[in-house]
$ cat structure.cif   # mmCIF, C-alpha atoms
data_input
#
loop_
_atom_site.group_PDB
_atom_site.id
_atom_site.type_symbol
_atom_site.label_atom_id
_atom_site.label_comp_id
_atom_site.auth_asym_id
_atom_site.auth_seq_id
_atom_site.Cartn_x
_atom_site.Cartn_y
_atom_site.Cartn_z
ATOM 1 C CA MET A 206 -12.380 -16.499 34.596
ATOM 2 C CA THR A 207 -9.021 -17.377 35.964
ATOM 3 C CA ALA A 208 -8.258 -18.577 39.434
ATOM 4 C CA THR A 209 -6.338 -16.173 41.630
ATOM 5 C CA ILE A 210 -2.763 -17.302 42.119
ATOM 6 C CA ASP A 211 -2.150 -18.123 45.762
ATOM 7 C CA PRO A 212 0.975 -16.253 46.982
ATOM 8 C CA ALA A 213 1.720 -19.298 49.178
ATOM 9 C CA ILE A 214 3.125 -21.048 46.104
ATOM 10 C CA VAL A 215 6.191 -18.777 46.192
ATOM 11 C CA GLY A 216 9.126 -20.924 47.213
ATOM 12 C CA THR A 217 7.435 -24.058 45.946
ATOM 13 C CA VAL A 218 9.831 -26.472 44.278
ATOM 14 C CA HIS A 219 8.207 -28.430 41.498
ATOM 15 C CA PRO A 220 9.106 -32.055 40.893
ATOM 16 C CA THR A 221 12.516 -32.528 39.310
ATOM 17 C CA ILE A 222 12.382 -33.729 35.737
ATOM 18 C CA GLU A 223 15.109 -35.800 34.106
ATOM 19 C CA THR A 224 15.170 -36.109 30.363
ATOM 20 C CA GLU A 225 17.583 -37.360 27.731
ATOM 21 C CA ILE A 226 18.308 -34.994 24.863
ATOM 22 C CA GLU A 227 17.644 -36.834 21.608
ATOM 23 C CA ARG A 228 19.240 -36.021 18.254
ATOM 24 C CA GLY A 229 15.904 -36.430 16.475
ATOM 25 C CA ARG A 230 14.258 -33.860 18.722
ATOM 26 C CA LEU A 231 17.113 -31.400 18.120
ATOM 27 C CA ARG A 232 16.761 -31.912 14.350
ATOM 28 C CA ALA A 233 12.987 -31.342 14.569
ATOM 29 C CA PHE A 234 13.624 -28.129 16.505
ATOM 30 C CA ALA A 235 16.223 -26.928 13.973
ATOM 31 C CA HIS A 236 13.774 -27.673 11.151
ATOM 32 C CA ALA A 237 10.908 -25.831 12.884
ATOM 33 C CA ILE A 238 12.937 -22.658 13.400
ATOM 34 C CA GLY A 239 14.444 -22.757 9.885
ATOM 35 C CA GLU A 240 17.977 -23.228 11.217
ATOM 36 C CA THR A 241 20.321 -23.548 8.231
ATOM 37 C CA ASP A 242 23.616 -23.994 10.143
ATOM 38 C CA PRO A 243 24.397 -27.733 9.700
ATOM 39 C CA VAL A 244 26.107 -27.823 13.127
ATOM 40 C CA TYR A 245 22.587 -28.105 14.631
ATOM 41 C CA SER A 246 21.375 -31.021 12.515
ATOM 42 C CA ASP A 247 24.335 -32.838 10.945
ATOM 43 C CA LEU A 248 26.525 -34.876 13.274
ATOM 44 C CA GLY A 249 29.543 -34.649 10.945
ATOM 45 C CA ALA A 250 29.317 -30.860 10.810
ATOM 46 C CA ALA A 251 28.919 -30.671 14.593
ATOM 47 C CA ARG A 252 32.005 -32.842 15.166
ATOM 48 C CA ALA A 253 34.012 -30.908 12.582
ATOM 49 C CA ALA A 254 33.240 -27.774 14.615
ATOM 50 C CA GLY A 255 34.621 -29.421 17.757
ATOM 51 C CA HIS A 256 31.329 -30.506 19.343
ATOM 52 C CA PRO A 257 31.053 -34.058 20.738
ATOM 53 C CA ASP A 258 27.479 -34.347 19.378
ATOM 54 C CA LEU A 259 24.642 -32.096 18.144
ATOM 55 C CA PRO A 260 24.602 -29.020 20.404
ATOM 56 C CA VAL A 261 21.471 -28.015 22.317
ATOM 57 C CA PRO A 262 20.625 -24.586 20.821
ATOM 58 C CA PRO A 263 20.311 -21.502 23.073
ATOM 59 C CA THR A 264 16.551 -21.565 23.706
ATOM 60 C CA PHE A 265 15.825 -25.305 23.503
ATOM 61 C CA LEU A 266 16.011 -25.872 27.266
ATOM 62 C CA PHE A 267 12.816 -23.866 27.823
ATOM 63 C CA GLY A 268 10.365 -26.504 26.655
ATOM 64 C CA ILE A 269 12.229 -29.775 26.979
ATOM 65 C CA GLY A 270 12.138 -29.870 30.769
ATOM 66 C CA SER A 271 8.560 -28.825 31.266
ATOM 67 C CA ASP A 272 5.413 -29.126 29.271
ATOM 68 C CA MET A 273 2.625 -26.769 30.231
ATOM 69 C CA ALA A 274 1.235 -29.186 32.791
ATOM 70 C CA TRP A 275 2.660 -27.245 35.744
ATOM 71 C CA LEU A 276 0.318 -24.352 34.910
ATOM 72 C CA ASP A 277 -2.616 -26.756 34.811
ATOM 73 C CA THR A 278 -1.749 -28.006 38.266
ATOM 74 C CA LEU A 279 -1.946 -24.406 39.541
ATOM 75 C CA GLY A 280 -5.463 -24.095 38.084
ATOM 76 C CA ILE A 281 -4.321 -21.672 35.391
ATOM 77 C CA ASP A 282 -6.165 -21.654 32.067
ATOM 78 C CA LEU A 283 -3.568 -21.975 29.280
ATOM 79 C CA ALA A 284 -5.700 -19.799 26.991
ATOM 80 C CA ALA A 285 -5.179 -16.935 29.473
ATOM 81 C CA VAL A 286 -1.382 -17.316 29.598
ATOM 82 C CA LEU A 287 1.192 -15.068 27.940
ATOM 83 C CA HIS A 288 4.959 -15.362 28.152
ATOM 84 C CA GLY A 289 6.249 -12.143 29.713
ATOM 85 C CA SER A 290 9.994 -12.647 29.727
ATOM 86 C CA GLN A 291 12.596 -15.374 29.457
ATOM 87 C CA ARG A 292 16.250 -15.458 30.450
ATOM 88 C CA PHE A 293 19.004 -18.071 30.102
ATOM 89 C CA THR A 294 22.337 -17.977 31.919
ATOM 90 C CA TYR A 295 24.681 -20.529 30.388
ATOM 91 C CA ARG A 296 27.162 -22.536 32.493
ATOM 92 C CA SER A 297 28.268 -25.106 29.898
ATOM 93 C CA MET A 298 27.147 -26.560 26.581
ATOM 94 C CA ALA A 299 24.695 -29.456 26.511
ATOM 95 C CA TYR A 300 24.616 -32.041 23.739
ATOM 96 C CA ALA A 301 22.469 -34.807 22.304
ATOM 97 C CA GLY A 302 22.883 -37.853 24.503
ATOM 98 C CA ASP A 303 23.109 -35.824 27.723
ATOM 99 C CA THR A 304 20.581 -36.596 30.416
ATOM 100 C CA LEU A 305 19.571 -33.307 31.982
ATOM 101 C CA ARG A 306 17.900 -32.647 35.296
ATOM 102 C CA PHE A 307 15.501 -29.692 35.619
ATOM 103 C CA THR A 308 14.670 -28.319 39.074
ATOM 104 C CA PRO A 309 11.970 -25.624 38.814
ATOM 105 C CA ARG A 310 11.014 -23.294 41.641
ATOM 106 C CA ILE A 311 8.381 -20.536 41.850
ATOM 107 C CA VAL A 312 10.207 -17.442 43.094
ATOM 108 C CA ASP A 313 7.617 -14.649 42.897
ATOM 109 C CA THR A 314 4.029 -13.764 42.099
ATOM 110 C CA TYR A 315 2.409 -10.338 41.857
ATOM 111 C CA GLU A 316 -0.465 -8.592 40.124
ATOM 112 C CA ARG A 317 -1.028 -5.436 38.093
ATOM 113 C CA LYS A 318 -4.062 -3.492 36.902
ATOM 114 C CA GLY A 319 -6.126 -4.399 39.961
ATOM 115 C CA GLY A 320 -5.638 -8.120 39.434
ATOM 116 C CA ALA A 321 -6.471 -8.092 35.703
ATOM 117 C CA LEU A 322 -2.900 -9.272 35.118
ATOM 118 C CA GLN A 323 -1.222 -11.802 37.393
ATOM 119 C CA PHE A 324 2.480 -12.569 37.121
ATOM 120 C CA LEU A 325 4.327 -15.723 38.014
ATOM 121 C CA VAL A 326 8.124 -15.900 38.108
ATOM 122 C CA ARG A 327 9.805 -19.299 37.923
ATOM 123 C CA GLU A 328 13.483 -20.243 38.011
ATOM 124 C CA THR A 329 14.835 -23.566 36.803
ATOM 125 C CA ALA A 330 18.314 -24.931 37.443
ATOM 126 C CA VAL A 331 19.481 -27.309 34.715
ATOM 127 C CA THR A 332 22.280 -29.757 35.498
ATOM 128 C CA ARG A 333 23.620 -33.028 34.190
ATOM 129 C CA ILE A 334 22.928 -36.041 36.348
ATOM 130 C CA ASP A 335 26.447 -35.746 37.801
ATOM 131 C CA GLY A 336 25.349 -32.359 39.156
ATOM 132 C CA SER A 337 27.480 -30.203 36.827
ATOM 133 C CA ALA A 338 25.708 -26.984 35.834
ATOM 134 C CA VAL A 339 24.331 -26.459 32.313
ATOM 135 C CA ALA A 340 22.125 -23.365 32.618
ATOM 136 C CA ASP A 341 19.795 -21.356 34.807
ATOM 137 C CA LEU A 342 16.452 -20.303 33.371
ATOM 138 C CA GLN A 343 14.132 -17.573 34.574
ATOM 139 C CA GLU A 344 10.716 -16.948 33.106
ATOM 140 C CA THR A 345 7.808 -14.630 33.799
ATOM 141 C CA ILE A 346 4.359 -15.904 32.932
ATOM 142 C CA VAL A 347 1.484 -13.423 32.612
ATOM 143 C CA VAL A 348 -2.041 -14.628 33.335
ATOM 144 C CA ARG A 349 -4.656 -12.266 31.938
ATOM 145 C CA GLU A 350 -8.297 -12.055 32.839
ATOM 146 C CA VAL A 351 -10.366 -13.659 30.091
ATOM 147 C CA ALA A 352 -13.968 -12.501 29.715
ATOM 148 C CA PRO A 353 -16.366 -15.436 30.313
ATOM 149 C CA MET B 212 38.206 -18.020 12.945
ATOM 150 C CA SER B 213 35.755 -15.769 14.794
ATOM 151 C CA THR B 214 36.725 -12.669 12.864
ATOM 152 C CA ALA B 215 33.306 -11.028 13.362
ATOM 153 C CA LEU B 216 33.936 -11.247 17.110
ATOM 154 C CA GLU B 217 37.488 -9.920 16.812
ATOM 155 C CA ARG B 218 36.183 -6.876 14.935
ATOM 156 C CA ALA B 219 33.332 -6.230 17.393
ATOM 157 C CA GLU B 220 33.212 -2.788 18.926
ATOM 158 C CA VAL B 221 30.553 -0.664 20.588
ATOM 159 C CA GLY B 222 28.023 0.219 17.893
ATOM 160 C CA THR B 223 28.714 -2.838 15.714
ATOM 161 C CA GLU B 224 25.462 -4.004 14.112
ATOM 162 C CA LEU B 225 24.908 -7.728 13.547
ATOM 163 C CA PRO B 226 23.797 -8.650 10.024
ATOM 164 C CA PRO B 227 19.961 -8.661 10.368
ATOM 165 C CA LEU B 228 18.162 -12.014 10.074
ATOM 166 C CA GLU B 229 15.048 -11.626 7.914
ATOM 167 C CA LEU B 230 12.507 -14.427 8.261
ATOM 168 C CA ALA B 231 9.752 -15.516 5.912
ATOM 169 C CA PRO B 232 6.158 -14.816 7.029
ATOM 170 C CA ILE B 233 5.238 -17.233 9.845
ATOM 171 C CA SER B 234 2.907 -19.945 8.526
ATOM 172 C CA ARG B 235 0.450 -22.114 10.426
ATOM 173 C CA THR B 236 2.640 -25.065 9.458
ATOM 174 C CA THR B 237 5.588 -23.478 11.268
ATOM 175 C CA LEU B 238 3.437 -23.083 14.390
ATOM 176 C CA ALA B 239 2.299 -26.725 14.128
ATOM 177 C CA LEU B 240 5.926 -27.901 13.848
ATOM 178 C CA PHE B 241 7.340 -25.624 16.529
ATOM 179 C CA GLY B 242 4.914 -26.649 19.298
ATOM 180 C CA PRO B 243 5.885 -30.317 19.596
ATOM 181 C CA ALA B 244 9.544 -29.689 18.673
ATOM 182 C CA SER B 245 9.955 -27.086 21.410
ATOM 183 C CA GLY B 246 7.597 -28.489 24.033
ATOM 184 C CA ASP B 247 5.479 -25.307 24.046
ATOM 185 C CA LEU B 248 2.174 -27.126 23.774
ATOM 186 C CA ASN B 249 -0.225 -24.277 24.530
ATOM 187 C CA PRO B 250 -3.105 -24.971 22.075
ATOM 188 C CA ILE B 251 -3.705 -21.229 21.629
ATOM 189 C CA HIS B 252 -0.912 -21.266 19.008
ATOM 190 C CA ILE B 253 -2.477 -23.894 16.754
ATOM 191 C CA ASP B 254 -6.176 -24.202 17.582
ATOM 192 C CA LEU B 255 -8.458 -21.428 16.289
ATOM 193 C CA ASP B 256 -11.266 -22.522 18.610
ATOM 194 C CA VAL B 257 -9.065 -22.073 21.667
ATOM 195 C CA ALA B 258 -7.853 -18.669 20.417
ATOM 196 C CA ARG B 259 -11.461 -17.524 19.918
ATOM 197 C CA SER B 260 -12.455 -18.794 23.358
ATOM 198 C CA ALA B 261 -9.804 -16.421 24.744
ATOM 199 C CA GLY B 262 -11.303 -13.472 22.866
ATOM 200 C CA LEU B 263 -8.761 -13.438 20.006
ATOM 201 C CA ASP B 264 -9.462 -13.356 16.263
ATOM 202 C CA ASP B 265 -6.791 -15.877 15.363
ATOM 203 C CA VAL B 266 -3.912 -17.953 16.685
ATOM 204 C CA PHE B 267 -0.575 -16.215 17.271
ATOM 205 C CA ALA B 268 3.040 -17.367 17.203
ATOM 206 C CA HIS B 269 4.816 -18.810 20.234
ATOM 207 C CA GLY B 270 6.968 -16.198 21.960
ATOM 208 C CA MET B 271 9.720 -18.805 22.115
ATOM 209 C CA LEU B 272 9.669 -19.097 18.303
ATOM 210 C CA SER B 273 10.710 -15.449 18.053
ATOM 211 C CA MET B 274 13.274 -16.000 20.802
ATOM 212 C CA ALA B 275 14.628 -18.983 18.827
ATOM 213 C CA TYR B 276 14.895 -16.819 15.679
ATOM 214 C CA LEU B 277 16.818 -14.241 17.683
ATOM 215 C CA GLY B 278 18.978 -17.130 18.943
ATOM 216 C CA ARG B 279 19.775 -17.923 15.291
ATOM 217 C CA LEU B 280 20.930 -14.322 14.865
ATOM 218 C CA LEU B 281 23.242 -14.815 17.845
ATOM 219 C CA THR B 282 24.688 -18.190 16.841
ATOM 220 C CA GLY B 283 25.070 -16.953 13.252
ATOM 221 C CA TRP B 284 27.336 -14.213 14.594
ATOM 222 C CA ALA B 285 29.127 -15.899 17.491
ATOM 223 C CA ASP B 286 29.949 -19.523 18.241
ATOM 224 C CA GLN B 287 27.295 -20.694 20.710
ATOM 225 C CA ARG B 288 30.029 -21.703 23.186
ATOM 226 C CA ALA B 289 30.772 -17.978 23.591
ATOM 227 C CA ILE B 290 27.230 -17.008 24.654
ATOM 228 C CA ARG B 291 27.146 -16.382 28.409
ATOM 229 C CA SER B 292 23.545 -15.203 28.845
ATOM 230 C CA TYR B 293 20.543 -14.366 26.712
ATOM 231 C CA GLY B 294 17.244 -12.840 27.822
ATOM 232 C CA VAL B 295 14.170 -11.215 26.263
ATOM 233 C CA ARG B 296 10.953 -9.429 27.119
ATOM 234 C CA PHE B 297 7.956 -10.297 25.016
ATOM 235 C CA ALA B 298 6.516 -6.882 24.146
ATOM 236 C CA ALA B 299 3.667 -7.802 21.790
ATOM 237 C CA ILE B 300 1.936 -10.820 20.265
ATOM 238 C CA THR B 301 3.270 -12.009 16.880
ATOM 239 C CA PRO B 302 0.267 -12.630 14.598
ATOM 240 C CA VAL B 303 0.282 -15.606 12.233
ATOM 241 C CA HIS B 304 1.680 -14.493 8.803
ATOM 242 C CA ALA B 305 3.774 -11.753 10.443
ATOM 243 C CA GLN B 306 7.253 -11.310 8.952
ATOM 244 C CA PRO B 307 9.907 -10.865 11.664
ATOM 245 C CA THR B 308 13.373 -9.410 11.306
ATOM 246 C CA CYS B 309 15.953 -9.990 14.063
ATOM 247 C CA ARG B 310 18.388 -7.207 14.878
ATOM 248 C CA GLY B 311 21.316 -6.868 17.254
ATOM 249 C CA ARG B 312 23.900 -4.251 18.175
ATOM 250 C CA VAL B 313 26.916 -4.216 20.466
ATOM 251 C CA THR B 314 26.253 -1.700 23.253
ATOM 252 C CA ALA B 315 29.169 -2.379 25.615
ATOM 253 C CA ILE B 316 32.453 -4.237 25.801
ATOM 254 C CA GLU B 317 33.928 -4.884 29.211
ATOM 255 C CA THR B 318 36.014 -7.389 31.100
ATOM 256 C CA VAL B 319 34.027 -9.545 33.526
ATOM 257 C CA ASP B 320 35.575 -12.406 35.526
ATOM 258 C CA GLY B 321 38.798 -11.861 33.598
ATOM 259 C CA GLU B 322 37.037 -12.360 30.270
ATOM 260 C CA ARG B 323 36.422 -9.739 27.569
ATOM 261 C CA ARG B 324 32.679 -9.708 26.873
ATOM 262 C CA ALA B 325 30.308 -7.851 24.574
ATOM 263 C CA THR B 326 26.773 -6.906 25.587
ATOM 264 C CA LEU B 327 24.316 -6.975 22.700
ATOM 265 C CA GLU B 328 20.981 -5.216 22.511
ATOM 266 C CA LEU B 329 18.499 -7.345 20.582
ATOM 267 C CA ALA B 330 15.078 -6.844 18.998
ATOM 268 C CA VAL B 331 12.560 -8.551 16.747
ATOM 269 C CA VAL B 332 10.667 -6.121 14.516
ATOM 270 C CA LEU B 333 7.745 -6.965 12.213
ATOM 271 C CA ALA B 334 7.258 -5.669 8.663
ATOM 272 C CA ASP B 335 4.727 -3.094 9.953
ATOM 273 C CA GLY B 336 7.440 -1.607 12.184
ATOM 274 C CA SER B 337 6.129 -2.937 15.496
ATOM 275 C CA THR B 338 8.579 -4.442 17.995
ATOM 276 C CA THR B 339 7.562 -7.819 19.421
ATOM 277 C CA LEU B 340 10.665 -8.692 21.437
ATOM 278 C CA THR B 341 13.480 -6.792 23.061
ATOM 279 C CA GLY B 342 16.384 -8.374 24.817
ATOM 280 C CA ASN B 343 20.075 -8.618 25.439
ATOM 281 C CA ALA B 344 22.860 -11.138 25.373
ATOM 282 C CA VAL B 345 26.375 -11.299 26.736
ATOM 283 C CA VAL B 346 28.947 -12.906 24.442
ATOM 284 C CA SER B 347 32.551 -13.727 25.244
ATOM 285 C CA LEU B 348 35.120 -12.228 22.895
ATOM 286 C CA ALA B 349 37.874 -14.380 24.391
ATOM 287 C CA PRO B 350 39.308 -17.270 22.399
ATOM 288 C CA ALA B 351 38.423 -19.886 25.055
ATOM 289 C CA LEU B 352 34.869 -20.831 24.204
ATOM 290 C CA ASP B 353 33.148 -22.947 26.799
ATOM 291 C CA PRO B 354 32.278 -21.229 30.112
ATOM 292 C CA ALA B 355 33.269 -24.412 31.979
ATOM 293 C CA PRO B 356 35.456 -27.272 30.805
ATOM 294 C CA ALA B 357 32.976 -29.796 29.443
ATOM 295 C CA SER B 358 35.200 -32.429 27.895
ATOM 296 C CA GLU B 359 37.893 -34.563 29.494
ATOM 297 C CA ASN B 360 40.502 -33.950 26.814
ATOM 298 C CA SER B 361 40.450 -30.149 26.970
#

$ encode --input "structure.cif" --output "structure tokens"
Amino acid sequence: MTATIDPAIVGTVHPTIETEIERGRLRAFAHAIGETDPVYSDLGAARAAGHPDLPVPPTFLFGIGSDMAWLDTLGIDLAAVLHGSQRFTYRSMAYAGDTLRFTPRIVDTYERKGGALQFLVRETAVTRIDGSAVADLQETIVVREVAP
Amino acid sequence: MSTALERAEVGTELPPLELAPISRTTLALFGPASGDLNPIHIDLDVARSAGLDDVFAHGMLSMAYLGRLLTGWADQRAIRSYGVRFAAITPVHAQPTCRGRVTAIETVDGERRATLELAVVLADGSTTLTGNAVVSLAPALDPAPASENS
């Protein structure tokens, strides 16, 4: 069974997370997704292409600023969670060595199929520590009813 | 340099990106590298406790593959937005192919931009992801000046 999501969480701002983007983590990500473009793993290739350091690839910001703990804190069973949708709006490139600040906010929750599916919409603003914008993320999480 | 972008017109198909079948090793590597630590992608016991026969791939793995299709076609500095809907679970061993097509070209905020329609399709013909991206066709790459000497 899964706890019912309390609509009162809409508007909740989760704790801001600050994290430094590490080259090693970017290389591990490139390896895991089979990325063959050396710009994403080789500093020389990145600089030759005009980047100051290894670039943060388009989807990397999803996981770096939040593990799954925020779902735990809402009483949601991870085994019942599906990713419904994900969107990135890019403001500027981020690179290894940048310290990024993630500010997540729950913006909506609703249910379908008589409560068998619950939806949670979260938006996260990503900035550098000087406040300059990097990206805005929006994700929909689907919580399905799991038979006991 | 970005000749593929210069040639882009409505109907242009991106060269498809065909991936190898997704292994359990890939799932074990992707979790910690991406921060998507849901055990349902690597732990058979957890998958079974949720009523599934086996683990399945992270949705963000497929989105990352589709991201490779995008950055293989356009310089990442030209990508303005990128979004997907996860339509179906990707089983372990599934073999995804990423596809993209230009569906519109218009000028937004004084910048010529292409809208791409994107999909990930498995070898059995099922679609696991659909999405879209907006890519600048203008020569200036970064959406905001990011370096002091530019």

$ atom_distance --input "structure.cif" --atom1 "CA of Ala244 in chain B" --atom2 "CA of Gly239 in chain A"
12.2 Å

$ resolve_selection --input "structure.cif" --expression "the PyMOL selection byres ((chain A) within 9 of (chain B))" --output "count of residues only"
48

$ resolve_selection --input "structure.cif" --expression "the PyMOL selection byres ((chain B and resi 225) around 9)" --output "PyMOL selection string"
chain B and resi 223-224+226-228+280-281+284+310-313

$ closest_residue --input "structure.cif" --among "A:Pro243, A:Val348, A:Thr224, A:Thr209" --to "Thr332 in chain A" --atoms "all atoms listed in the file"
A:Thr224

$ atom_distance --input "structure.cif" --atom1 "CA of Val319 in chain B" --atom2 "CA of Asp303 in chain A"
29.0 Å

$ residues_near_point --input "structure.cif" --point "(20.7, -34.6, 21.8)" --cutoff "10 Å" --atoms "all atoms listed in the file" --output "number ranges by chain"
A: 225-232, 245-246, 258-261, 299-304

$ atom_distance --input "structure.cif" --atom1 "CA of Ile281 in chain A" --atom2 "CA of Thr217 in chain A"
16.0 Å

$ resolve_selection --input "structure.cif" --expression "the PyMOL selection byres ((chain A and resi 210) around 8)" --output "list in words"
Ala208, Thr209, Asp211, Pro212, Leu279, Thr314 and Gln323 of chain A

$ residues_around --input "structure.cif" --residues "range 215-218 of chain B" --least-positions-apart "2" --cutoff "8 Å" --atoms "all atoms listed in the file" --output "ChimeraX atom specification"
/B:213,220,284-285,348

$ residues_near_point --input "structure.cif" --point "(29.0, -26.8, 15.1)" --cutoff "7 Å" --atoms "all atoms listed in the file" --output "short mmCIF file (atom, residue, chain, number, x, y, z; two decimals) with C-alpha atoms, in the coordinates of the input"
data_model
loop_
_atom_site.label_atom_id
_atom_site.label_comp_id
_atom_site.auth_asym_id
_atom_site.auth_seq_id
_atom_site.Cartn_x
_atom_site.Cartn_y
_atom_site.Cartn_z
CA VAL A 244 26.11 -27.82 13.13
CA TYR A 245 22.59 -28.10 14.63
CA ALA A 250 29.32 -30.86 10.81
CA ALA A 251 28.92 -30.67 14.59
CA ARG A 252 32.01 -32.84 15.17
CA ALA A 253 34.01 -30.91 12.58
CA ALA A 254 33.24 -27.77 14.62
CA GLY A 255 34.62 -29.42 17.76
CA HIS A 256 31.33 -30.51 19.34
#

$ build_atoms --input "structure.cif" --residues "range 275-293 of chain B" --atoms "N, CA, C and O atoms" --output "PDB file, keeping the file's coordinate frame"
ATOM      1  N   ALA B 275      13.754 -18.042  19.537  1.00  0.00           N
ATOM      2  CA  ALA B 275      14.628 -18.983  18.827  1.00  0.00           C
ATOM      3  C   ALA B 275      15.198 -18.333  17.558  1.00  0.00           C
ATOM      4  O   ALA B 275      16.368 -18.542  17.215  1.00  0.00           O
ATOM      5  N   TYR B 276      14.388 -17.542  16.855  1.00  0.00           N
ATOM      6  CA  TYR B 276      14.895 -16.819  15.679  1.00  0.00           C
ATOM      7  C   TYR B 276      16.028 -15.871  16.086  1.00  0.00           C
ATOM      8  O   TYR B 276      17.059 -15.788  15.433  1.00  0.00           O
ATOM      9  N   LEU B 277      15.793 -15.157  17.185  1.00  0.00           N
ATOM     10  CA  LEU B 277      16.818 -14.241  17.683  1.00  0.00           C
ATOM     11  C   LEU B 277      18.065 -15.030  18.116  1.00  0.00           C
ATOM     12  O   LEU B 277      19.194 -14.553  17.965  1.00  0.00           O
ATOM     13  N   GLY B 278      17.860 -16.237  18.614  1.00  0.00           N
ATOM     14  CA  GLY B 278      18.978 -17.130  18.943  1.00  0.00           C
ATOM     15  C   GLY B 278      19.775 -17.493  17.700  1.00  0.00           C
ATOM     16  O   GLY B 278      21.010 -17.598  17.744  1.00  0.00           O
ATOM     17  N   ARG B 279      19.076 -17.654  16.555  1.00  0.00           N
ATOM     18  CA  ARG B 279      19.775 -17.923  15.291  1.00  0.00           C
ATOM     19  C   ARG B 279      20.637 -16.729  14.903  1.00  0.00           C
ATOM     20  O   ARG B 279      21.729 -16.888  14.354  1.00  0.00           O
ATOM     21  N   LEU B 280      20.116 -15.519  15.140  1.00  0.00           N
ATOM     22  CA  LEU B 280      20.930 -14.322  14.865  1.00  0.00           C
ATOM     23  C   LEU B 280      22.223 -14.376  15.680  1.00  0.00           C
ATOM     24  O   LEU B 280      23.316 -14.116  15.168  1.00  0.00           O
ATOM     25  N   LEU B 281      22.074 -14.761  16.955  1.00  0.00           N
ATOM     26  CA  LEU B 281      23.242 -14.815  17.845  1.00  0.00           C
ATOM     27  C   LEU B 281      24.248 -15.872  17.406  1.00  0.00           C
ATOM     28  O   LEU B 281      25.443 -15.593  17.291  1.00  0.00           O
ATOM     29  N   THR B 282      23.756 -17.102  17.166  1.00  0.00           N
ATOM     30  CA  THR B 282      24.688 -18.190  16.841  1.00  0.00           C
ATOM     31  C   THR B 282      25.213 -18.055  15.410  1.00  0.00           C
ATOM     32  O   THR B 282      26.211 -18.669  15.062  1.00  0.00           O
ATOM     33  N   GLY B 283      24.539 -17.242  14.580  1.00  0.00           N
ATOM     34  CA  GLY B 283      25.070 -16.953  13.252  1.00  0.00           C
ATOM     35  C   GLY B 283      26.231 -15.969  13.319  1.00  0.00           C
ATOM     36  O   GLY B 283      27.042 -15.871  12.396  1.00  0.00           O
ATOM     37  N   TRP B 284      26.300 -15.241  14.430  1.00  0.00           N
ATOM     38  CA  TRP B 284      27.336 -14.213  14.594  1.00  0.00           C
ATOM     39  C   TRP B 284      28.483 -14.700  15.466  1.00  0.00           C
ATOM     40  O   TRP B 284      29.650 -14.470  15.174  1.00  0.00           O
ATOM     41  N   ALA B 285      28.126 -15.405  16.541  1.00  0.00           N
ATOM     42  CA  ALA B 285      29.127 -15.899  17.491  1.00  0.00           C
ATOM     43  C   ALA B 285      28.946 -17.399  17.672  1.00  0.00           C
ATOM     44  O   ALA B 285      27.824 -17.907  17.613  1.00  0.00           O
ATOM     45  N   ASP B 286      30.031 -18.112  17.887  1.00  0.00           N
ATOM     46  CA  ASP B 286      29.949 -19.523  18.241  1.00  0.00           C
ATOM     47  C   ASP B 286      29.116 -19.647  19.520  1.00  0.00           C
ATOM     48  O   ASP B 286      29.297 -18.865  20.461  1.00  0.00           O
ATOM     49  N   GLN B 287      28.189 -20.592  19.542  1.00  0.00           N
ATOM     50  CA  GLN B 287      27.295 -20.694  20.710  1.00  0.00           C
ATOM     51  C   GLN B 287      28.053 -20.864  22.020  1.00  0.00           C
ATOM     52  O   GLN B 287      27.586 -20.438  23.081  1.00  0.00           O
ATOM     53  N   ARG B 288      29.245 -21.495  21.961  1.00  0.00           N
ATOM     54  CA  ARG B 288      30.029 -21.703  23.186  1.00  0.00           C
ATOM     55  C   ARG B 288      30.461 -20.391  23.826  1.00  0.00           C
ATOM     56  O   ARG B 288      30.883 -20.361  24.981  1.00  0.00           O
ATOM     57  N   ALA B 289      30.365 -19.281  23.064  1.00  0.00           N
ATOM     58  CA  ALA B 289      30.772 -17.978  23.591  1.00  0.00           C
ATOM     59  C   ALA B 289      29.610 -17.227  24.257  1.00  0.00           C
ATOM     60  O   ALA B 289      29.823 -16.195  24.890  1.00  0.00           O
ATOM     61  N   ILE B 290      28.386 -17.734  24.113  1.00  0.00           N
ATOM     62  CA  ILE B 290      27.230 -17.008  24.654  1.00  0.00           C
ATOM     63  C   ILE B 290      27.121 -17.285  26.157  1.00  0.00           C
ATOM     64  O   ILE B 290      27.016 -18.436  26.572  1.00  0.00           O
ATOM     65  N   ARG B 291      27.170 -16.240  26.948  1.00  0.00           N
ATOM     66  CA  ARG B 291      27.146 -16.382  28.409  1.00  0.00           C
ATOM     67  C   ARG B 291      25.731 -16.257  28.974  1.00  0.00           C
ATOM     68  O   ARG B 291      25.373 -16.929  29.941  1.00  0.00           O
ATOM     69  N   SER B 292      24.936 -15.345  28.404  1.00  0.00           N
ATOM     70  CA  SER B 292      23.545 -15.203  28.845  1.00  0.00           C
ATOM     71  C   SER B 292      22.735 -14.598  27.718  1.00  0.00           C
ATOM     72  O   SER B 292      23.295 -13.959  26.812  1.00  0.00           O
ATOM     73  N   TYR B 293      21.440 -14.828  27.778  1.00  0.00           N
ATOM     74  CA  TYR B 293      20.543 -14.366  26.712  1.00  0.00           C
ATOM     75  C   TYR B 293      19.150 -14.239  27.316  1.00  0.00           C
ATOM     76  O   TYR B 293      18.626 -15.216  27.871  1.00  0.00           O
TER      77      TYR B 293
END
